[in-house]
>>> print(open('start37.cif').read())   # mmCIF, C-alpha atoms
data_coords
loop_
_atom_site.label_atom_id
_atom_site.label_comp_id
_atom_site.auth_asym_id
_atom_site.auth_seq_id
_atom_site.Cartn_x
_atom_site.Cartn_y
_atom_site.Cartn_z
CA MET A 238 -13.38 -0.65 -3.42
CA MET A 239 -16.84 -2.16 -4.02
CA ARG A 240 -15.57 -5.59 -3.07
CA SER A 241 -14.09 -4.23 0.18
CA THR A 242 -17.42 -2.51 1.07
CA MET A 243 -19.24 -5.77 0.38
CA ASN A 244 -16.75 -7.66 2.50
CA THR A 245 -17.24 -5.22 5.39
CA LYS A 246 -21.03 -5.55 5.12
CA ALA A 247 -20.79 -9.32 4.93
CA LYS A 248 -18.51 -9.38 7.97
CA LYS A 249 -21.01 -7.28 9.94
CA TRP A 250 -23.83 -9.68 9.09
CA GLU A 251 -21.67 -12.66 9.98
CA ARG A 252 -20.83 -11.12 13.34
CA ALA A 253 -24.47 -10.23 14.04
CA ALA A 254 -25.42 -13.83 13.26
CA ALA A 255 -22.70 -15.11 15.61
CA VAL A 256 -23.99 -12.85 18.42
CA LEU A 257 -27.57 -14.08 17.86
CA LEU A 258 -26.35 -17.67 17.96
CA ALA A 259 -24.49 -17.00 21.22
CA ILE A 260 -27.65 -15.49 22.77
CA LEU A 261 -29.61 -18.53 21.61
CA LEU A 262 -27.07 -20.85 23.19
CA TRP A 263 -27.23 -18.80 26.40
CA GLN A 264 -31.03 -19.10 26.41
CA LEU A 265 -30.77 -22.88 25.91
CA CYS A 266 -28.28 -23.21 28.79
CA ALA A 267 -30.47 -21.06 31.08
CA THR A 268 -33.55 -23.17 30.23
CA ALA A 269 -31.61 -26.41 30.75
CA LEU A 270 -30.32 -25.26 34.16
CA GLY A 271 -33.67 -23.84 35.18
CA ASN A 272 -32.14 -21.85 38.03
CA ARG A 273 -32.26 -18.02 37.88
CA LEU A 274 -29.64 -17.74 40.61
CA LEU A 275 -27.09 -19.74 38.68
CA LEU A 276 -27.75 -18.39 35.21
CA ALA A 277 -30.29 -15.73 34.31
CA SER A 278 -31.83 -16.03 30.86
CA PRO A 279 -31.24 -13.35 28.19
CA ALA A 280 -34.89 -12.32 28.49
CA ALA A 281 -34.55 -11.84 32.26
CA VAL A 282 -31.36 -9.84 31.76
CA PHE A 283 -33.03 -7.65 29.14
CA GLN A 284 -35.99 -7.09 31.46
CA ARG A 285 -33.64 -6.13 34.31
CA LEU A 286 -31.71 -3.84 31.99
CA CYS A 287 -34.94 -2.04 31.10
CA GLN A 288 -35.77 -1.65 34.80
CA LEU A 289 -32.30 -0.36 35.59
CA SER A 290 -32.34 2.15 32.75
CA ALA A 291 -35.48 3.70 34.24
CA GLU A 292 -33.58 4.49 37.47
CA LYS A 293 -31.72 7.75 37.99
CA GLU A 294 -28.96 5.97 39.94
CA PHE A 295 -28.18 3.81 36.92
CA TYR A 296 -26.98 6.81 34.92
CA ALA A 297 -25.15 8.24 37.93
CA SER A 298 -23.22 4.96 38.32
CA VAL A 299 -22.40 4.79 34.61
CA LEU A 300 -21.21 8.40 34.62
CA PHE A 301 -19.18 7.86 37.80
CA SER A 302 -17.19 4.98 36.30
CA PHE A 303 -17.04 6.46 32.80
CA ARG A 304 -15.48 9.71 34.00
CA ARG A 305 -12.82 7.99 36.04
CA ILE A 306 -11.87 5.25 33.60
CA VAL A 307 -11.71 7.65 30.67
CA THR A 308 -9.60 10.07 32.73
CA GLY A 309 -7.19 7.25 33.54
CA PHE A 310 -7.09 6.20 29.90
CA LEU A 311 -6.36 9.73 28.66
CA LEU A 312 -3.70 10.23 31.33
CA GLY A 313 -2.17 6.93 30.21
CA ILE A 314 -1.95 8.18 26.62
CA LEU A 315 -0.41 11.45 27.75
CA GLY A 316 2.01 9.80 30.19
CA GLY A 317 3.06 7.03 27.79
CA THR A 318 3.72 9.52 25.01
CA LEU A 319 5.60 11.96 27.24
CA LEU A 320 7.82 9.16 28.55
CA ALA A 321 8.45 7.75 25.06
CA VAL A 322 9.88 11.07 23.82
CA PRO A 323 12.97 11.19 26.10
CA ALA A 324 13.34 7.39 25.96
CA SER A 325 13.58 7.54 22.16
CA ARG A 326 16.21 10.25 22.35
CA PHE A 327 18.35 9.19 25.30
CA ARG A 328 19.33 5.61 25.94
CA TRP A 329 19.83 6.31 29.63
CA ALA A 330 16.20 7.47 29.92
CA GLU A 331 14.96 4.23 28.35
CA ILE A 332 17.16 2.16 30.67
CA LEU A 333 16.02 4.11 33.74
CA LEU A 334 12.35 3.68 32.80
CA TRP A 335 12.69 0.01 31.95
CA PRO A 336 12.28 -1.49 35.48
CA TYR A 337 9.14 0.55 36.27
CA LEU A 338 7.43 -0.24 32.99
CA THR A 339 8.38 -3.91 33.19
CA ILE A 340 6.90 -4.11 36.70
CA VAL A 341 3.69 -2.43 35.54
CA LYS A 342 3.48 -4.76 32.53
CA THR A 343 4.09 -8.02 34.38
CA THR A 344 2.48 -7.52 37.81
CA PRO A 345 -1.08 -8.85 38.07
CA VAL A 346 -3.56 -5.99 38.15
CA VAL A 347 -5.09 -7.30 41.40
CA SER A 348 -1.77 -6.79 43.21
CA PHE A 349 -1.73 -3.16 42.13
CA ILE A 350 -5.36 -2.67 43.13
CA ILE A 351 -4.78 -4.03 46.64
CA LEU A 352 -1.56 -2.08 47.04
CA CYS A 353 -3.06 1.17 45.79
CA MET A 354 -6.09 0.79 48.08
CA ILE A 355 -3.71 1.69 50.92
CA TRP A 356 -2.56 4.89 49.23
CA LEU A 357 -5.56 6.15 47.32
CA GLU A 358 -9.19 6.97 48.00
CA ALA A 359 -11.51 4.23 46.72
CA LYS A 360 -13.27 6.62 44.33
CA ASN A 361 -9.99 7.53 42.58
CA LEU A 362 -8.57 4.04 42.40
CA SER A 363 -10.04 3.24 38.98
CA VAL A 364 -8.39 6.38 37.52
CA PHE A 365 -4.97 5.21 38.64
CA ILE A 366 -5.45 1.56 37.71
CA SER A 367 -6.69 2.27 34.18
CA PHE A 368 -3.82 4.77 33.80
CA LEU A 369 -1.35 2.07 34.86
CA MET A 370 -2.74 -0.49 32.41
CA VAL A 371 -2.66 1.94 29.47
CA LEU A 372 0.74 3.50 30.21
CA PRO A 373 3.10 0.65 29.14
CA ILE A 374 1.13 -0.15 25.97
CA ILE A 375 1.18 3.46 24.79
CA TYR A 376 4.81 3.89 25.87
CA THR A 377 6.01 0.79 23.98
CA ASN A 378 4.09 1.60 20.79
CA MET A 379 4.99 5.27 20.74
CA LEU A 380 8.65 4.50 21.44
CA GLU A 381 8.68 2.12 18.48
CA GLY A 382 6.84 4.66 16.32
CA ILE A 383 9.18 7.53 17.19
CA ARG A 384 12.20 5.34 16.48
CA ARG A 385 10.85 4.18 13.14
CA ARG A 386 10.14 7.66 11.83
CA ASP A 387 11.59 8.23 8.37
CA LYS A 388 15.00 9.88 8.95
CA LYS A 389 14.96 11.36 5.46
CA LEU A 390 11.76 13.25 6.20
CA LEU A 391 13.25 14.59 9.42
CA GLU A 392 16.30 15.73 7.45
CA MET A 393 13.98 17.48 5.01
CA GLY A 394 12.41 19.36 7.95
CA GLN A 395 15.90 20.30 9.12
CA VAL A 396 16.97 21.64 5.71
CA PHE A 397 13.80 23.70 5.30
CA ARG A 398 14.15 24.86 8.94
CA LEU A 399 10.54 23.99 9.69
CA PRO A 400 9.33 25.35 13.04
CA PRO A 401 9.03 22.70 15.80
CA LEU A 402 5.22 22.75 15.81
CA ARG A 403 5.07 22.16 12.04
CA ARG A 404 7.58 19.31 12.35
CA LEU A 405 5.47 17.74 15.08
CA LEU A 406 2.15 18.17 13.27
CA PHE A 407 3.14 17.29 9.73
CA LEU A 408 6.28 15.16 9.96
CA SER A 409 5.96 13.20 13.20
CA LEU A 410 2.25 12.81 13.98
CA PRO A 411 1.26 11.30 10.59
CA GLN A 412 4.06 8.75 10.96
CA LEU A 413 2.94 7.89 14.48
CA LYS A 414 -0.69 7.35 13.44
CA PRO A 415 -0.60 3.54 13.02
CA TYR A 416 1.28 3.11 16.29
CA LEU A 417 -1.10 5.38 18.21
CA LEU A 418 -4.21 3.74 16.75
CA SER A 419 -3.00 0.23 17.48
CA ALA A 420 -1.99 1.17 21.05
CA CYS A 421 -5.35 2.84 21.68
CA SER A 422 -7.31 -0.14 20.30
CA LEU A 423 -5.32 -2.48 22.52
CA SER A 424 -5.59 -0.43 25.69
CA LEU A 425 -9.17 0.86 25.46
CA GLY A 426 -10.79 -2.42 26.45
CA LEU A 427 -8.09 -3.12 29.00
CA SER A 428 -8.63 0.20 30.76
CA TRP A 429 -12.34 -0.62 31.22
CA LYS A 430 -11.65 -4.15 32.48
CA ALA A 431 -8.97 -3.04 34.95
CA GLY A 432 -10.90 0.06 36.05
CA ILE A 433 -14.04 -1.93 36.86
CA ALA A 434 -11.97 -4.62 38.60
CA ALA A 435 -10.54 -1.86 40.82
CA GLU A 436 -14.06 -0.63 41.60
CA VAL A 437 -15.32 -4.13 42.43
CA ILE A 438 -12.48 -4.57 44.92
CA ALA A 439 -12.43 -1.03 46.40
CA ILE A 440 -16.25 -0.59 46.17
CA PRO A 441 -16.45 3.20 45.81
CA THR A 442 -19.99 4.43 46.52
CA GLY A 443 -22.07 5.03 43.39
CA SER A 444 -19.83 3.23 40.94
CA MET A 445 -20.61 0.47 38.42
CA GLY A 446 -18.15 -1.70 40.35
CA GLU A 447 -20.24 -1.30 43.48
CA ARG A 448 -23.38 -2.35 41.58
CA LEU A 449 -21.56 -5.43 40.27
CA TYR A 450 -20.36 -6.25 43.79
CA GLU A 451 -23.90 -5.92 45.16
CA ALA A 452 -25.19 -8.21 42.43
CA LYS A 453 -22.67 -10.84 43.48
CA LEU A 454 -23.51 -10.29 47.18
CA TYR A 455 -27.26 -10.79 46.63
CA LEU A 456 -26.70 -13.66 44.16
CA SER A 457 -28.58 -11.72 41.50
CA SER A 458 -27.22 -13.09 38.26
CA ALA A 459 -29.70 -10.98 36.23
CA ASP A 460 -28.19 -7.82 37.73
CA LEU A 461 -24.67 -9.13 37.23
CA PHE A 462 -25.33 -9.86 33.55
CA ALA A 463 -27.21 -6.60 33.04
CA TRP A 464 -24.32 -4.53 34.42
CA THR A 465 -21.85 -6.59 32.41
CA VAL A 466 -23.84 -5.83 29.25
CA VAL A 467 -23.72 -2.12 30.14
CA LEU A 468 -19.99 -2.39 30.72
CA ILE A 469 -19.37 -4.04 27.35
CA ALA A 470 -21.59 -1.49 25.61
CA MET A 471 -19.78 1.44 27.28
CA SER A 472 -16.40 0.01 26.39
CA ILE A 473 -17.34 -0.54 22.72
CA LEU A 474 -19.07 2.84 22.42
CA PHE A 475 -16.14 4.68 23.91
CA GLU A 476 -13.70 2.81 21.69
CA LYS A 477 -15.70 3.73 18.58
CA LEU A 478 -16.08 7.36 19.70
CA PHE A 479 -12.43 7.75 20.59
CA LEU A 480 -11.12 6.19 17.39
CA TRP A 481 -13.59 8.27 15.37
CA LEU A 482 -12.25 11.40 17.06
CA ILE A 483 -8.64 10.39 16.39
CA HIS A 484 -9.44 9.68 12.73
CA GLY A 485 -11.26 13.02 12.52
CA LEU A 486 -8.32 14.93 13.97
CA TYR A 487 -5.91 13.19 11.64
CA GLY A 488 -8.23 13.92 8.72
CA ARG A 489 -8.07 17.65 9.52
CA LEU A 490 -4.30 17.43 9.74
CA GLU A 491 -3.90 15.56 6.46
CA ARG A 492 -6.29 17.59 4.30
CA PHE A 493 -5.37 21.05 3.08
CA MET B 1402 26.57 37.05 -1.40
CA ASP B 1403 28.46 34.42 -3.42
CA ILE B 1404 28.84 30.96 -1.95
CA ILE B 1405 32.51 30.07 -1.83
CA VAL B 1406 33.69 26.52 -1.29
CA SER B 1407 37.39 26.10 -0.58
CA ASN B 1408 39.49 22.96 -0.31
CA LEU B 1409 36.54 20.78 0.59
CA CYS B 1410 37.37 17.16 1.40
CA LYS B 1411 35.02 14.32 2.23
CA SER B 1412 35.58 10.60 2.32
CA TYR B 1413 33.40 7.67 3.30
CA ASP B 1414 35.11 4.59 4.82
CA GLY B 1415 38.48 5.76 3.55
CA LYS B 1416 37.21 6.33 0.00
CA ALA B 1417 37.64 9.96 -1.05
CA VAL B 1418 34.50 11.44 -2.59
CA LEU B 1419 35.58 15.06 -2.63
CA THR B 1420 39.27 16.04 -2.67
CA ASP B 1421 40.26 19.70 -2.33
CA PHE B 1422 37.10 20.81 -4.12
CA ASN B 1423 36.93 24.53 -4.87
CA ALA B 1424 34.05 26.43 -6.42
CA THR B 1425 32.26 29.75 -6.38
CA PHE B 1426 28.51 29.84 -6.77
CA PRO B 1427 27.52 33.38 -7.77
CA ALA B 1428 24.63 34.93 -5.84
CA GLY B 1429 21.36 35.18 -7.73
CA LYS B 1430 22.57 32.88 -10.52
CA THR B 1431 22.13 29.26 -11.50
CA THR B 1432 25.05 26.86 -11.33
CA CYS B 1433 24.72 23.29 -12.55
CA LEU B 1434 26.91 20.49 -11.26
CA LEU B 1435 27.67 17.89 -13.89
CA GLY B 1436 29.66 14.70 -13.63
CA ARG B 1437 29.57 10.92 -13.62
CA SER B 1438 27.77 8.98 -10.88
CA GLY B 1439 29.67 8.80 -7.61
CA CYS B 1440 31.81 11.90 -8.25
CA GLY B 1441 30.42 13.62 -5.15
CA LYS B 1442 27.67 15.88 -6.53
CA THR B 1443 25.02 14.76 -4.04
CA THR B 1444 27.59 14.73 -1.23
CA LEU B 1445 28.43 18.36 -2.02
CA LEU B 1446 24.74 19.30 -1.93
CA HIS B 1447 24.31 17.49 1.39
CA ILE B 1448 27.29 19.37 2.81
CA LEU B 1449 25.76 22.67 1.63
CA MET B 1450 22.44 21.63 3.19
CA GLY B 1451 24.19 20.95 6.49
CA LEU B 1452 23.24 17.27 6.50
CA VAL B 1453 26.80 15.98 6.06
CA LYS B 1454 29.92 17.35 7.73
CA ALA B 1455 32.97 17.85 5.53
CA ASP B 1456 36.26 16.34 6.71
CA SER B 1457 38.04 19.60 5.99
CA GLY B 1458 37.65 22.77 3.97
CA GLU B 1459 35.59 25.92 4.24
CA ILE B 1460 32.25 27.16 2.98
CA SER B 1461 31.09 30.75 3.21
CA GLY B 1462 28.05 32.69 2.11
CA ILE B 1463 25.36 30.07 2.82
CA PRO B 1464 22.12 31.96 3.50
CA ARG B 1465 19.83 31.06 6.40
CA LYS B 1466 16.84 30.17 4.28
CA ILE B 1467 17.47 27.12 2.10
CA SER B 1468 15.03 25.27 -0.16
CA ALA B 1469 15.76 21.87 -1.59
CA VAL B 1470 14.61 19.20 -3.97
CA PHE B 1471 16.23 15.99 -2.82
CA GLN B 1472 17.23 13.01 -4.93
CA GLU B 1473 14.19 11.25 -3.45
CA ASN B 1474 10.95 13.21 -3.21
CA ARG B 1475 10.83 13.13 0.61
CA LEU B 1476 7.12 13.93 0.68
CA CYS B 1477 4.97 13.21 3.72
CA THR B 1478 2.89 10.14 2.98
CA GLY B 1479 -0.58 10.40 4.43
CA LEU B 1480 -0.74 14.15 3.94
CA SER B 1481 -2.62 15.67 1.03
CA VAL B 1482 -1.02 17.24 -2.03
CA GLY B 1483 -1.88 20.74 -0.76
CA ARG B 1484 -0.38 20.10 2.69
CA ASN B 1485 2.82 18.77 1.14
CA ALA B 1486 3.15 21.63 -1.30
CA ALA B 1487 2.66 24.27 1.39
CA LEU B 1488 4.63 22.43 4.08
CA ALA B 1489 7.66 24.72 4.08
CA CYS B 1490 5.91 27.92 3.04
CA PRO B 1491 6.56 30.58 5.68
CA GLY B 1492 3.16 32.29 5.26
CA ARG B 1493 -0.40 31.06 4.87
CA LEU B 1494 -1.48 30.09 1.38
CA SER B 1495 -5.01 29.92 0.07
CA PRO B 1496 -6.14 26.80 -1.83
CA LEU B 1497 -6.40 28.96 -4.98
CA GLU B 1498 -2.74 29.94 -4.75
CA ILE B 1499 -1.67 26.30 -4.45
CA ILE B 1500 -3.94 25.35 -7.35
CA ALA B 1501 -2.27 28.02 -9.48
CA HIS B 1502 1.16 26.53 -8.74
CA LEU B 1503 -0.08 23.01 -9.50
CA GLU B 1504 -1.48 24.15 -12.81
CA GLU B 1505 1.76 25.86 -13.77
CA VAL B 1506 3.52 22.48 -13.68
CA GLY B 1507 0.76 20.77 -15.63
CA LEU B 1508 -1.25 19.26 -12.78
CA ALA B 1509 -5.02 19.51 -12.52
CA GLY B 1510 -4.82 21.51 -9.31
CA LYS B 1511 -8.42 21.54 -8.09
CA GLU B 1512 -8.76 17.78 -8.38
CA LEU B 1513 -5.43 17.07 -6.75
CA LEU B 1514 -5.38 19.50 -3.84
CA HIS B 1515 -6.96 17.18 -1.28
CA ARG B 1516 -5.70 13.88 -2.66
CA PRO B 1517 -3.28 11.86 -0.50
CA ILE B 1518 0.20 12.30 -1.90
CA ASP B 1519 0.85 8.55 -2.10
CA THR B 1520 -1.91 8.14 -4.69
CA LEU B 1521 0.07 10.22 -7.19
CA SER B 1522 2.49 8.88 -9.81
CA GLY B 1523 6.26 9.36 -9.41
CA GLY B 1524 6.38 12.22 -11.91
CA MET B 1525 3.49 14.01 -10.22
CA GLN B 1526 5.12 13.62 -6.81
CA ARG B 1527 8.36 15.03 -8.26
CA ARG B 1528 6.55 18.16 -9.33
CA ILE B 1529 4.99 18.56 -5.86
CA ALA B 1530 8.50 18.35 -4.38
CA ILE B 1531 9.57 21.14 -6.75
CA ILE B 1532 6.55 23.28 -5.82
CA ARG B 1533 7.34 22.74 -2.13
CA ALA B 1534 10.89 24.01 -2.71
CA VAL B 1535 9.63 27.07 -4.61
CA LEU B 1536 6.98 27.92 -2.00
CA ALA B 1537 9.54 27.65 0.80
CA GLU B 1538 10.96 30.95 -0.48
CA GLY B 1539 14.56 30.04 0.25
CA ASP B 1540 17.36 32.36 -0.84
CA LEU B 1541 19.35 29.34 -1.97
CA LEU B 1542 17.79 26.41 -3.84
CA LEU B 1543 19.67 23.13 -3.85
CA LEU B 1544 18.26 20.81 -6.49
CA ASP B 1545 19.36 17.22 -6.88
CA GLU B 1546 18.31 15.98 -10.31
CA PRO B 1547 14.98 17.80 -9.97
CA PHE B 1548 13.56 16.73 -13.34
CA GLN B 1549 14.19 13.01 -13.09
CA GLY B 1550 11.19 10.90 -14.01
CA LEU B 1551 9.52 13.66 -16.05
CA ASP B 1552 8.73 13.28 -19.73
CA PRO B 1553 10.41 15.82 -22.08
CA ARG B 1554 7.35 18.08 -22.37
CA THR B 1555 6.65 18.17 -18.64
CA ARG B 1556 10.37 18.65 -18.02
CA LEU B 1557 10.37 21.84 -20.10
CA GLN B 1558 7.19 23.09 -18.45
CA THR B 1559 8.60 22.44 -14.96
CA MET B 1560 11.90 24.10 -15.89
CA ALA B 1561 10.01 27.21 -17.04
CA TYR B 1562 8.06 27.18 -13.75
CA LEU B 1563 11.25 26.91 -11.72
CA GLN B 1564 12.95 29.70 -13.66
CA ALA B 1565 9.93 31.99 -13.38
CA HIS B 1566 9.69 31.61 -9.59
CA THR B 1567 13.38 31.69 -8.69
CA ARG B 1568 14.57 34.87 -10.37
CA ASN B 1569 17.45 36.52 -8.49
CA LYS B 1570 17.87 33.48 -6.28
CA THR B 1571 20.95 31.29 -6.06
CA LEU B 1572 20.34 27.88 -7.61
CA ILE B 1573 22.72 24.95 -7.42
CA MET B 1574 21.45 22.05 -9.49
CA VAL B 1575 22.85 18.56 -9.88
CA THR B 1576 22.17 16.98 -13.23
CA HIS B 1577 23.53 14.33 -15.55
CA SER B 1578 22.26 16.10 -18.63
CA ARG B 1579 24.25 18.87 -20.25
CA GLU B 1580 21.13 19.82 -22.18
CA GLU B 1581 19.23 20.39 -18.93
CA ALA B 1582 22.10 22.50 -17.63
CA GLU B 1583 22.06 24.61 -20.78
CA LEU B 1584 18.30 25.05 -20.68
CA MET B 1585 18.46 26.22 -17.07
CA GLY B 1586 21.01 28.85 -18.11
CA GLY B 1587 23.82 30.13 -15.92
CA SER B 1588 27.13 28.39 -15.54
CA TYR B 1589 28.10 24.79 -14.92
CA ILE B 1590 30.86 22.94 -13.15
CA GLU B 1591 32.17 19.59 -14.37
CA MET B 1592 33.02 17.50 -11.34
CA GLN B 1593 35.71 14.85 -11.69
#
>>> encode(input="start37.cif", output="structure tokens")
Amino acid sequence: MMRSTMNTKAKKWERAAAVLLAILLWQLCATALGNRLLLASPAAVFQRLCQLSAEKEFYASVLFSFRRIVTGFLLGILGGTLLAVPASRFRWAEILLWPYLTIVKTTPVVSFIILCMIWLEAKNLSVFISFLMVLPIIYTNMLEGIRRRDKKLLEMGQVFRLPPLRRLLFLSLPQLKPYLLSACSLSLGLSWKAGIAAEVIAIPTGSMGERLYEAKLYLSSADLFAWTVVLIAMSILFEKLFLWLIHGLYGRLERF
Amino acid sequence: MDIIVSNLCKSYDGKAVLTDFNATFPAGKTTCLLGRSGCGKTTLLHILMGLVKADSGEISGIPRKISAVFQENRLCTGLSVGRNAALACPGRLSPLEIIAHLEEVGLAGKELLHRPIDTLSGGMQRRIAIIRAVLAEGDLLLLDEPFQGLDPRTRLQTMAYLQAHTRNKTLIMVTHSREEAELMGGSYIEMQ
């Protein structure tokens, strides 16, 4: 136990050192190039980030994108799980779903973004795109998890005539935990990347994607880097928060 | 109501496990099933549980509410001891009530209540499986070698617990030990 805590601490320090080294390398490259348009230095990006965070519009943009991407992500979890249930039970359902999910998995995200721009309002595009990216990952993992549930435990529930809700909460959900956690970890970052890509292409007013697009348009690499830093921070923070919530909910379920 | 099994047959891949098996299990009494390995004791329990379909024969008098201790513990890994013990209980139980049951089978209840079930030894897990069956309040208890893996002292303690909490209930217990069958009281059937 103590060794594992020490290992975790050591890993954190190692990672922090690697990040510092990367920033140092970035600073060296920026100094060597000597052109703010081509590559802004970390100091310039930090300065710009401080300026941005003093603006009201900054928070509005972050909230705009956050709400939509998170909605798409949560819908993806719900949709993937709901589709995995009949697919695990009926072979015909799995076969019927197969072409759609294979298309979603293999088609480049840009193709979907351009196609969906015709059907959807720009402001809602990121919801749909992040939903699409999350859906097949959750579906595949949950399908595998449902199929690999311990049959003997399910039989036990049958013999004791456990009510459906109790079977779901105490027999199925704990067994699905590793599959759900791994699917969420995989798809969280992806939903942010795809959602922002959709915003950069569709340019909905007031979004983080629009701010990134403007940065590119005005050749402001400091802005581009600053918004990218915000994007990474939001993605990591949401991932931590979401996984913490999932662990918390499971903890309540597992304890008496 | 007595449970009556008539002319029960079951075979797996052409190999007969039960052939024209007949038995009466009196209501509210304990009946032990004895016999060598592979004579169909567990198969009979599984048929009574509704997990396996008999090839032919009839069974009557099976109540709706069944409790069971399986050959394996079949506990939910990841869940705490308390959650597992109360899993099949129809009502809500307080932690103190669960602790009392744990202590009756020789487990330090307060310390164990919130511990994940997979951190317990085999014998401890066995006792949790027995508590789960008792708390399920079934009218019929089907027990497949319930005391396996328990040391003699704990075995006696757990037997006393089981007897105290299953008075006037129908018990059908599979065992290899005639001594266990005698200690549990009631009648026994030698399966061939």
>>> closest_atom_pairs(input="start37.cif", of="chain A", to="chain B", cutoff="8 Å", atoms="only C-alpha atoms", output="CSV")
residue,atom,partner,partner_atom,distance
A:Lys389,CA,B:Arg1475,CA,6.6
A:Leu390,CA,B:Arg1475,CA,5.7
A:Glu392,CA,B:Leu1452,CA,7.2
A:Met393,CA,B:Arg1475,CA,6.9
A:Val396,CA,B:Met1450,CA,6.0
A:Phe397,CA,B:Ser1468,CA,5.8
A:Arg398,CA,B:Lys1466,CA,7.6
A:Leu399,CA,B:Ala1489,CA,6.3
A:Arg403,CA,B:Leu1488,CA,8.0
A:Phe407,CA,B:Cys1477,CA,7.5
A:Leu408,CA,B:Cys1477,CA,6.7
A:Pro411,CA,B:Gly1479,CA,6.5
A:Leu490,CA,B:Leu1480,CA,7.6
A:Glu491,CA,B:Leu1480,CA,4.3
A:Arg492,CA,B:Ser1481,CA,5.3
A:Phe493,CA,B:Arg1484,CA,5.1
>>> residues_around(input="start37.cif", residues="Pro323 (chain A)", least_positions_apart="6", cutoff="12 Å", atoms="all atoms listed in the file", output="PyMOL selection string")
chain A and resi 316-317+329-334+376+379-380+383-384
>>> atom_distance(input="start37.cif", atom1="CA of Leu262 (chain A)", atom2="CA of Ala280 (chain A)")
12.7 Å
>>> residues_around(input="start37.cif", residues="Gly1462 (chain B)", least_positions_apart="4", cutoff="8 Å", atoms="only C-alpha atoms", output="list in words")
Met1402, Asp1403, Ile1404 and Ile1405 of chain B
>>> residues_around(input="start37.cif", residues="Ser1457 (chain B)", least_positions_apart="6", cutoff="10 Å", atoms="all atoms listed in the file", output="ChimeraX atom specification")
/B:1407-1411,1420-1421
>>> closest_residue(input="start37.cif", among="B:Val1406, B:Leu1572, B:Met1592, B:Pro1553", to="Ala1424 (chain B)", atoms="all atoms listed in the file")
B:Val1406
>>> residues_around(input="start37.cif", residues="region 1435-1445 of chain B", least_positions_apart="2", cutoff="9 Å", atoms="all atoms listed in the file", output="list in words")
Leu1409, Lys1411, Val1418, Leu1419, Cys1433, His1447, Ile1448, Leu1449, Met1450, Val1453, Ala1455, Phe1471, Gln1472, Asp1545, Met1574, Val1575, Thr1576, His1577, Ser1578, Arg1579, Ala1582, Tyr1589, Ile1590, Glu1591, Met1592 and Gln1593 of chain B
>>> resolve_selection(input="start37.cif", expression="the PyMOL selection byres ((chain A and resi 446-460) around 9)", output="PyMOL selection string")
chain A and resi 273-279+281-286+289+298+302+432-445+461-465
>>> resolve_selection(input="start37.cif", expression="the PyMOL selection byres ((chain B and resi 1585) around 8)", output="list in words")
Thr1431, Met1560, Gln1564, Glu1581, Ala1582, Glu1583, Leu1584, Gly1586 and Gly1587 of chain B
>>> atom_distance(input="start37.cif", atom1="CA of Gly1550 (chain B)", atom2="CA of Arg386 (chain A)")
26.1 Å
>>> closest_residue(input="start37.cif", among="A:Phe310, A:Phe365, A:Tyr416, A:Trp335", to="Asn378 (chain A)", atoms="only C-alpha atoms")
A:Tyr416
>>> resolve_selection(input="start37.cif", expression="the PyMOL selection byres ((chain B and resi 1561) around 12)", output="PyMOL selection string")
chain B and resi 1505-1507+1531+1548+1554-1560+1562-1568+1581+1584-1586
>>> atom_distance(input="start37.cif", atom1="CA of Ala431 (chain A)", atom2="CA of Glu476 (chain A)")
15.2 Å
>>> residues_around(input="start37.cif", residues="Gly313 (chain A)", least_positions_apart="2", cutoff="7 Å", atoms="all atoms listed in the file", output="ChimeraX atom specification")
/A:309-311,315-317,368-369,371-372
>>> axis_aligned_box(input="start37.cif", around="region 1442-1451 of chain B", padding_each_side="4 Å", output="JSON")
{"center_x": 25.4, "center_y": 18.7, "center_z": 0.0, "size_x": 14.0, "size_y": 15.9, "size_z": 21.0}
>>> decode(input="start37.cif", residues="region 414-433 of chain A", atoms="C-alpha atoms", output="JSON list (two decimals), in the first residue's frame")
[["chain", "number", "residue", "atom", "x", "y", "z"],
["A", 414, "LYS", "CA", -17.87, -0.83, -13.75],
["A", 415, "PRO", "CA", -14.50, -1.57, -15.44],
["A", 416, "TYR", "CA", -16.08, -1.48, -18.89],
["A", 417, "LEU", "CA", -17.89, 1.80, -18.22],
["A", 418, "LEU", "CA", -14.81, 3.45, -16.70],
["A", 419, "SER", "CA", -12.55, 2.40, -19.55],
["A", 420, "ALA", "CA", -15.09, 3.55, -22.17],
["A", 421, "CYS", "CA", -15.54, 6.91, -20.43],
["A", 422, "SER", "CA", -11.77, 7.48, -20.14],
["A", 423, "LEU", "CA", -11.36, 6.71, -23.82],
["A", 424, "SER", "CA", -14.22, 8.85, -25.05],
["A", 425, "LEU", "CA", -13.94, 11.89, -22.77],
["A", 426, "GLY", "CA", -10.95, 13.39, -24.56],
["A", 427, "LEU", "CA", -12.31, 12.38, -27.93],
["A", 428, "SER", "CA", -15.62, 14.16, -27.33],
["A", 429, "TRP", "CA", -13.76, 17.42, -26.61],
["A", 430, "LYS", "CA", -11.49, 17.10, -29.65],
["A", 431, "ALA", "CA", -14.35, 16.28, -32.03],
["A", 432, "GLY", "CA", -16.72, 18.84, -30.50],
["A", 433, "ILE", "CA", -14.21, 21.68, -30.86]]
